[in-house]
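One structure is given below, encoded as structure tokens.
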Amino acid sequence: MTPHVEPDPQAGAAVKAADRAHVFHSWSAQGLIDPLAVAGAEGSYFWDYDGNRYLDFTSGLVYTNIGYQHPRVVAAIQEQAAKLTTFAPAFAIDVRSEAARLIAERTPGDLDKIFFTNGGAEAVENAVRMARLHTGRHKVLSAFRSYHGATSTAINLTGDPRRWASDTGSAGVVRFWAPFLYRSPFYATTEEQECERALAHLEDTIAFEGPATIAAIILETVPGTAGIMTPPPGYLAGVREICDKYGIVFVLDEVMAGFGRTGKWFAAEHFDVVPDLMTFAKGVNSGYVPLGGVAISAKIAATFDKRPYPGGLTYSGHPLACAAAVATIQVMEDEKVVEHSARIGETVLGPGLRELAERHPSVGEVRGMGTFWALDLVKNKETREPLVPYNAAGEANAPMAAFGAAAKNHGLWPFINMNRTHAVPACNVSEAEAKEGLSALDAALSVADEHTVR
């Protein structure tokens, strides 16, 4: 694939100048960033105004699950815009109803009612509100090494440093340690030990916080930005049992892991567990128009049969976003994208990443499934010391910065967070594209290797 426009550095400079003059970027010190001016994108690639093309191993922000500019989804948005561009959420609109039906058909268990939001953070906000109103309780337990969004409640539920600047101690948020054997907080040596000890820790936390005060436990089914730590067998089922024991609402955050990313429609299917509420966004329509939501169980939905739900959004179930969702789900079904994600993970990405780990001293562990993988980069494989310190910046982060620059020099746009790089291409990435990405990672990891201690 080649760029669809001729290189035009002057146009790129104009785009960059306007951006720097007027756009305020998220999560950034505004005077220290240098955003790339993007000229176009298609499939698994995007390119700049200088004609440089990059294989996107980030899927945007892990949301372009069917790649950029899929013609069927673009056409669906255009057709919907010509028919009915927007309409208030209080009305029954055909495309909104169809999007809800298609999502509900794929959610596990009886999660058959869909509350639409504009994105994942708002989905988390509303899921927590529903849980609190349903139970009459206020506390919510969330895990360290998690991310749930940047709105008020969602950021306080988050368990990574992005929370710190906004951590005003949102009343009722309590954090606990979820399982992660590679860096076990429980001194476990096996998955079975990690699972058992993590569940005991969670139940102890509940006991000391007061079970009758806890409305919900929220977990990313497979934590995403925090490191793609697949929970050990039995853990999520154990959390489900604990929630049932104490009358706590179980919320699974599938904003990143859902819609084919792990090789299933939803990651919960891997663990045979059904939550009471499930949040989604991102891959539901490949991010083409902002959309998220909460899938609601029958029991919680019944709470609001006669009692108004005190929440809503102007653009809830926006027709353009729902049209994109309908088309995306149909594309994923027709083109067997979910099955492809599972297969490319099993036959190309997983084996390829593990082979890189054998050859590169900087790779401590490979984790993942489907098109959802992480490489934990270390200074030393035996000590497992991270390649850079936790939340490193500036000179302390130089090894990861050098790795990232090397990846881009080899035509790969990497997903980097702390001491990890994630391999999260489009769920329909081809075998050839996946191997191209592995080759670029191979070259970039040689730069990371220079910072190891052997």
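Chain identifiers are assigned as A, B, and so on, following the order in which chains appear in the structure tokens; residues are numbered from 1 within each chain, and ligands are numbered from 1 in order of appearance.
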Please identify every residue of region 96-175 of chain A that has at least one atom no farther than 12 Å from an atom of region 234-253 of chain A, counting only C-alpha atoms, and for each give the shortest atom pair and the distance in Å to one decimal, arranged by chain then increasing number, as a tab-separated table.
residue	atom	partner	partner_atom	distance
A:Thr107	CA	A:Leu252	CA	11.6
A:Pro108	CA	A:Leu252	CA	11.4
A:Leu111	CA	A:Val251	CA	11.5
A:Gly120	CA	A:Asp253	CA	8.6
A:Ala121	CA	A:Asp253	CA	9.9
A:Glu122	CA	A:Asp253	CA	11.7
A:Ala123	CA	A:Asp253	CA	8.9
A:Val124	CA	A:Asp253	CA	7.5
A:Glu125	CA	A:Asp253	CA	11.3
A:Asn126	CA	A:Val251	CA	11.1
A:Ala127	CA	A:Val251	CA	7.4
A:Val128	CA	A:Val251	CA	8.2
A:Arg129	CA	A:Val249	CA	11.2
A:Met130	CA	A:Val249	CA	9.4
A:Ala131	CA	A:Val249	CA	6.1
A:Arg132	CA	A:Val249	CA	8.7
A:Leu133	CA	A:Val249	CA	10.8
A:His134	CA	A:Val249	CA	8.6
A:Thr135	CA	A:Ile248	CA	7.7
A:Gly136	CA	A:Ile248	CA	10.7
A:Arg137	CA	A:Ile248	CA	9.2
A:His138	CA	A:Ile248	CA	10.8
A:Lys139	CA	A:Ile248	CA	10.0
A:Val140	CA	A:Ile248	CA	9.3
A:Leu141	CA	A:Phe250	CA	9.9
A:Ser142	CA	A:Val251	CA	9.9
A:Ala143	CA	A:Asp253	CA	11.7
A:Ser146	CA	A:Asp253	CA	10.0
A:Tyr147	CA	A:Asp253	CA	9.3
A:His148	CA	A:Asp253	CA	7.5
A:Gly149	CA	A:Asp253	CA	10.4
A:Ala154	CA	A:Asp253	CA	11.0
A:Leu157	CA	A:Asp253	CA	11.6
A:Thr158	CA	A:Asp253	CA	11.5
- [ ] Run DSSP on the backbone and grab whatever in region 212-301 of chain A lands in strand (DSSP E); send it over as a PyMOL selection string.
- [x] chain A and resi 214-220+249-253+277-280+292-296
Open item on the list: Quick one: residues within 9 Å of Asn391 (chain A), only C-alpha atoms, excluding same-chain residues fewer than 2 positions away - as a list in words?
Closed with: Asp160, Pro161, Val388, Pro389, Ala393, Asn397, Asn417, Met418 and Asn419 of chain A
Include all heavy atoms and write out the residues we just selected as a short mmCIF file (atom, residue, chain, number, x, y, z; two decimals), in the first residue's frame.
data_model
loop_
_atom_site.label_atom_id
_atom_site.label_comp_id
_atom_site.auth_asym_id
_atom_site.auth_seq_id
_atom_site.Cartn_x
_atom_site.Cartn_y
_atom_site.Cartn_z
N ASP A 160 -3.38 3.89 37.73
CA ASP A 160 -2.04 4.21 37.23
C ASP A 160 -1.77 5.70 37.44
O ASP A 160 -2.65 6.44 37.91
CB ASP A 160 -1.88 3.74 35.78
CG ASP A 160 -2.52 4.64 34.73
OD1 ASP A 160 -2.88 5.79 35.04
OD2 ASP A 160 -2.67 4.19 33.58
N PRO A 161 -0.57 6.18 37.14
CA PRO A 161 -0.19 7.56 37.49
C PRO A 161 -1.04 8.66 36.85
O PRO A 161 -0.99 9.80 37.32
CB PRO A 161 1.27 7.65 37.02
CG PRO A 161 1.77 6.26 37.10
CD PRO A 161 0.60 5.41 36.67
N VAL A 388 13.04 0.78 32.36
CA VAL A 388 13.02 2.15 32.91
C VAL A 388 12.20 2.12 34.19
O VAL A 388 11.33 1.26 34.36
CB VAL A 388 12.42 3.16 31.91
CG1 VAL A 388 13.27 3.23 30.64
CG2 VAL A 388 10.98 2.82 31.56
N PRO A 389 12.44 3.06 35.11
CA PRO A 389 11.68 3.07 36.36
C PRO A 389 10.19 3.32 36.11
O PRO A 389 9.79 3.83 35.07
CB PRO A 389 12.30 4.22 37.16
CG PRO A 389 13.65 4.44 36.54
CD PRO A 389 13.48 4.09 35.09
N ALA A 393 10.33 9.60 33.24
CA ALA A 393 10.24 10.71 32.28
C ALA A 393 11.64 11.25 32.03
O ALA A 393 12.58 10.95 32.78
CB ALA A 393 9.32 11.81 32.81
N ASN A 397 13.79 7.96 31.10
CA ASN A 397 13.03 7.20 30.12
C ASN A 397 13.78 7.02 28.80
O ASN A 397 13.22 6.51 27.83
CB ASN A 397 11.69 7.89 29.85
CG ASN A 397 10.71 7.00 29.10
OD1 ASN A 397 10.45 5.88 29.49
ND2 ASN A 397 10.19 7.52 27.98
N ASN A 417 4.18 2.15 26.75
CA ASN A 417 3.72 2.64 28.05
C ASN A 417 4.69 2.15 29.12
O ASN A 417 4.86 0.94 29.31
CB ASN A 417 2.31 2.15 28.37
CG ASN A 417 1.74 2.82 29.62
OD1 ASN A 417 1.91 4.02 29.82
ND2 ASN A 417 1.09 2.05 30.45
N MET A 418 5.36 3.10 29.76
CA MET A 418 6.36 2.79 30.79
C MET A 418 7.43 1.88 30.22
O MET A 418 8.07 2.23 29.24
CB MET A 418 5.69 2.25 32.05
CG MET A 418 4.72 3.26 32.66
SD MET A 418 4.28 2.87 34.33
CE MET A 418 2.93 4.06 34.54
N ASN A 419 7.62 0.68 30.78
CA ASN A 419 8.69 -0.20 30.30
C ASN A 419 8.17 -1.25 29.33
O ASN A 419 8.82 -2.27 29.11
CB ASN A 419 9.37 -0.91 31.48
CG ASN A 419 8.45 -1.94 32.14
OD1 ASN A 419 7.36 -1.59 32.56
ND2 ASN A 419 8.89 -3.17 32.23
#
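Considering only C-alpha atoms, the residue among A:Ile114, A:Ile300, A:Leu291, A:Val363 positioned nearest to Tyr315 (chain A) is A:Leu291.
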- [ ] Rank nothing, just name the residue among A:His318, A:Arg343, A:His422, A:Arg197 nearest to Ala100 (chain A), using only C-alpha atoms.
- [x]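 Under the stated criterion, the closest residue is A:His318.
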Task: Within 8 Å of region 11-21 of chain A using only C-alpha atoms, minus same-chain residues under 2 positions, as an MDAnalysis selection string - done: chainID A and resid 8:9 23 35:39 48:50
Give me, as JSON lines, each residue of region 281-350 of chain A that comes within 10 Å of region 429-438 of chain A, together with its shortest interatomic pair and the distance in Å at one decimal, counting only C-alpha atoms, with rows ordered by chain and rising residue number.
{"residue": "A:Val337", "atom": "CA", "partner": "A:Val429", "partner_atom": "CA", "distance": 9.3}
{"residue": "A:His340", "atom": "CA", "partner": "A:Val429", "partner_atom": "CA", "distance": 8.5}
{"residue": "A:Ser341", "atom": "CA", "partner": "A:Val429", "partner_atom": "CA", "distance": 8.0}
{"residue": "A:Arg343", "atom": "CA", "partner": "A:Glu431", "partner_atom": "CA", "distance": 9.9}
{"residue": "A:Ile344", "atom": "CA", "partner": "A:Glu431", "partner_atom": "CA", "distance": 6.9}
{"residue": "A:Gly345", "atom": "CA", "partner": "A:Ala434", "partner_atom": "CA", "distance": 9.5}
{"residue": "A:Thr347", "atom": "CA", "partner": "A:Glu431", "partner_atom": "CA", "distance": 9.1}
{"residue": "A:Val348", "atom": "CA", "partner": "A:Glu431", "partner_atom": "CA", "distance": 6.9}
{"residue": "A:Leu349", "atom": "CA", "partner": "A:Ala434", "partner_atom": "CA", "distance": 6.7}
Open item on the list: If I take CA of Val326 (chain A) and CA of Ala150 (chain A), how far is one from the other in Å, to one decimal?
Closed with: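 Going from CA of Val326 (chain A) over to CA of Ala150 (chain A), I get 26.7 Å.
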Task: Selection near Thr452 (chain A), 9 Å with only C-alpha atoms, sequence-local residues under 2 positions removed, as an NGL selection string - done: :A and (361-362 or 378-381 or 387 or 448-450 or 454)
Can I get the selected residues back with all heavy atoms, as a short mmCIF file (atom, residue, chain, number, x, y, z; two decimals), in the first residue's frame?
data_model
loop_
_atom_site.label_atom_id
_atom_site.label_comp_id
_atom_site.auth_asym_id
_atom_site.auth_seq_id
_atom_site.Cartn_x
_atom_site.Cartn_y
_atom_site.Cartn_z
N PRO A 361 17.72 -9.92 25.04
CA PRO A 361 17.82 -9.86 26.50
C PRO A 361 16.92 -8.80 27.13
O PRO A 361 16.67 -8.85 28.34
CB PRO A 361 19.30 -9.55 26.75
CG PRO A 361 19.80 -8.95 25.47
CD PRO A 361 19.02 -9.60 24.38
N SER A 362 16.43 -7.87 26.34
CA SER A 362 15.56 -6.81 26.89
C SER A 362 14.13 -7.26 27.07
O SER A 362 13.34 -6.55 27.71
CB SER A 362 15.60 -5.58 25.97
OG SER A 362 15.15 -5.91 24.67
N VAL A 378 12.98 -5.31 30.13
CA VAL A 378 13.72 -5.35 31.40
C VAL A 378 15.20 -5.06 31.20
O VAL A 378 15.74 -5.21 30.10
CB VAL A 378 13.55 -6.74 32.07
CG1 VAL A 378 12.10 -6.99 32.44
CG2 VAL A 378 14.09 -7.85 31.16
N LYS A 379 15.84 -4.67 32.29
CA LYS A 379 17.29 -4.52 32.28
C LYS A 379 17.98 -5.88 32.39
O LYS A 379 19.07 -6.08 31.87
CB LYS A 379 17.74 -3.63 33.45
CG LYS A 379 17.47 -2.16 33.25
CD LYS A 379 18.09 -1.35 34.38
CE LYS A 379 17.90 0.14 34.15
NZ LYS A 379 18.50 0.94 35.25
N ASN A 380 17.32 -6.78 33.12
CA ASN A 380 17.91 -8.09 33.36
C ASN A 380 16.79 -9.12 33.48
O ASN A 380 15.85 -8.93 34.26
CB ASN A 380 18.75 -8.07 34.64
CG ASN A 380 19.42 -9.39 34.92
OD1 ASN A 380 18.78 -10.32 35.40
ND2 ASN A 380 20.72 -9.47 34.63
N LYS A 381 16.87 -10.18 32.71
CA LYS A 381 15.78 -11.16 32.71
C LYS A 381 15.63 -11.86 34.05
O LYS A 381 14.52 -12.23 34.44
CB LYS A 381 16.01 -12.20 31.61
CG LYS A 381 15.82 -11.67 30.21
CD LYS A 381 15.68 -12.80 29.21
CE LYS A 381 15.57 -12.25 27.80
NZ LYS A 381 14.74 -13.10 26.94
N LEU A 387 13.08 -1.98 32.35
CA LEU A 387 14.09 -1.27 31.55
C LEU A 387 14.17 0.19 31.97
O LEU A 387 15.24 0.80 31.91
CB LEU A 387 13.76 -1.39 30.06
CG LEU A 387 14.84 -0.92 29.09
CD1 LEU A 387 16.08 -1.81 29.19
CD2 LEU A 387 14.31 -0.92 27.66
N ALA A 448 16.97 -1.53 22.40
CA ALA A 448 16.65 -1.73 23.83
C ALA A 448 17.68 -2.63 24.49
O ALA A 448 18.04 -2.43 25.67
CB ALA A 448 15.25 -2.30 23.96
N ASP A 449 18.18 -3.61 23.75
CA ASP A 449 19.18 -4.55 24.31
C ASP A 449 20.44 -3.81 24.80
O ASP A 449 21.11 -4.29 25.73
CB ASP A 449 19.59 -5.58 23.25
CG ASP A 449 18.47 -6.53 22.89
OD1 ASP A 449 17.49 -6.64 23.67
OD2 ASP A 449 18.57 -7.17 21.82
N GLU A 450 20.74 -2.69 24.17
CA GLU A 450 21.95 -1.96 24.55
C GLU A 450 21.87 -1.40 25.97
O GLU A 450 22.89 -1.03 26.56
CB GLU A 450 22.18 -0.81 23.56
CG GLU A 450 22.45 -1.27 22.12
CD GLU A 450 22.46 -0.12 21.14
OE1 GLU A 450 22.36 1.05 21.60
OE2 GLU A 450 22.57 -0.37 19.93
N ARG A 454 23.85 -7.59 31.71
CA ARG A 454 23.95 -9.05 31.59
C ARG A 454 24.97 -9.61 32.56
O ARG A 454 25.83 -8.91 33.03
CB ARG A 454 24.28 -9.44 30.16
CG ARG A 454 23.36 -8.77 29.14
CD ARG A 454 23.72 -9.16 27.72
NE ARG A 454 23.18 -8.19 26.77
CZ ARG A 454 23.30 -8.30 25.46
NH1 ARG A 454 23.93 -9.34 24.94
NH2 ARG A 454 22.82 -7.39 24.66
#
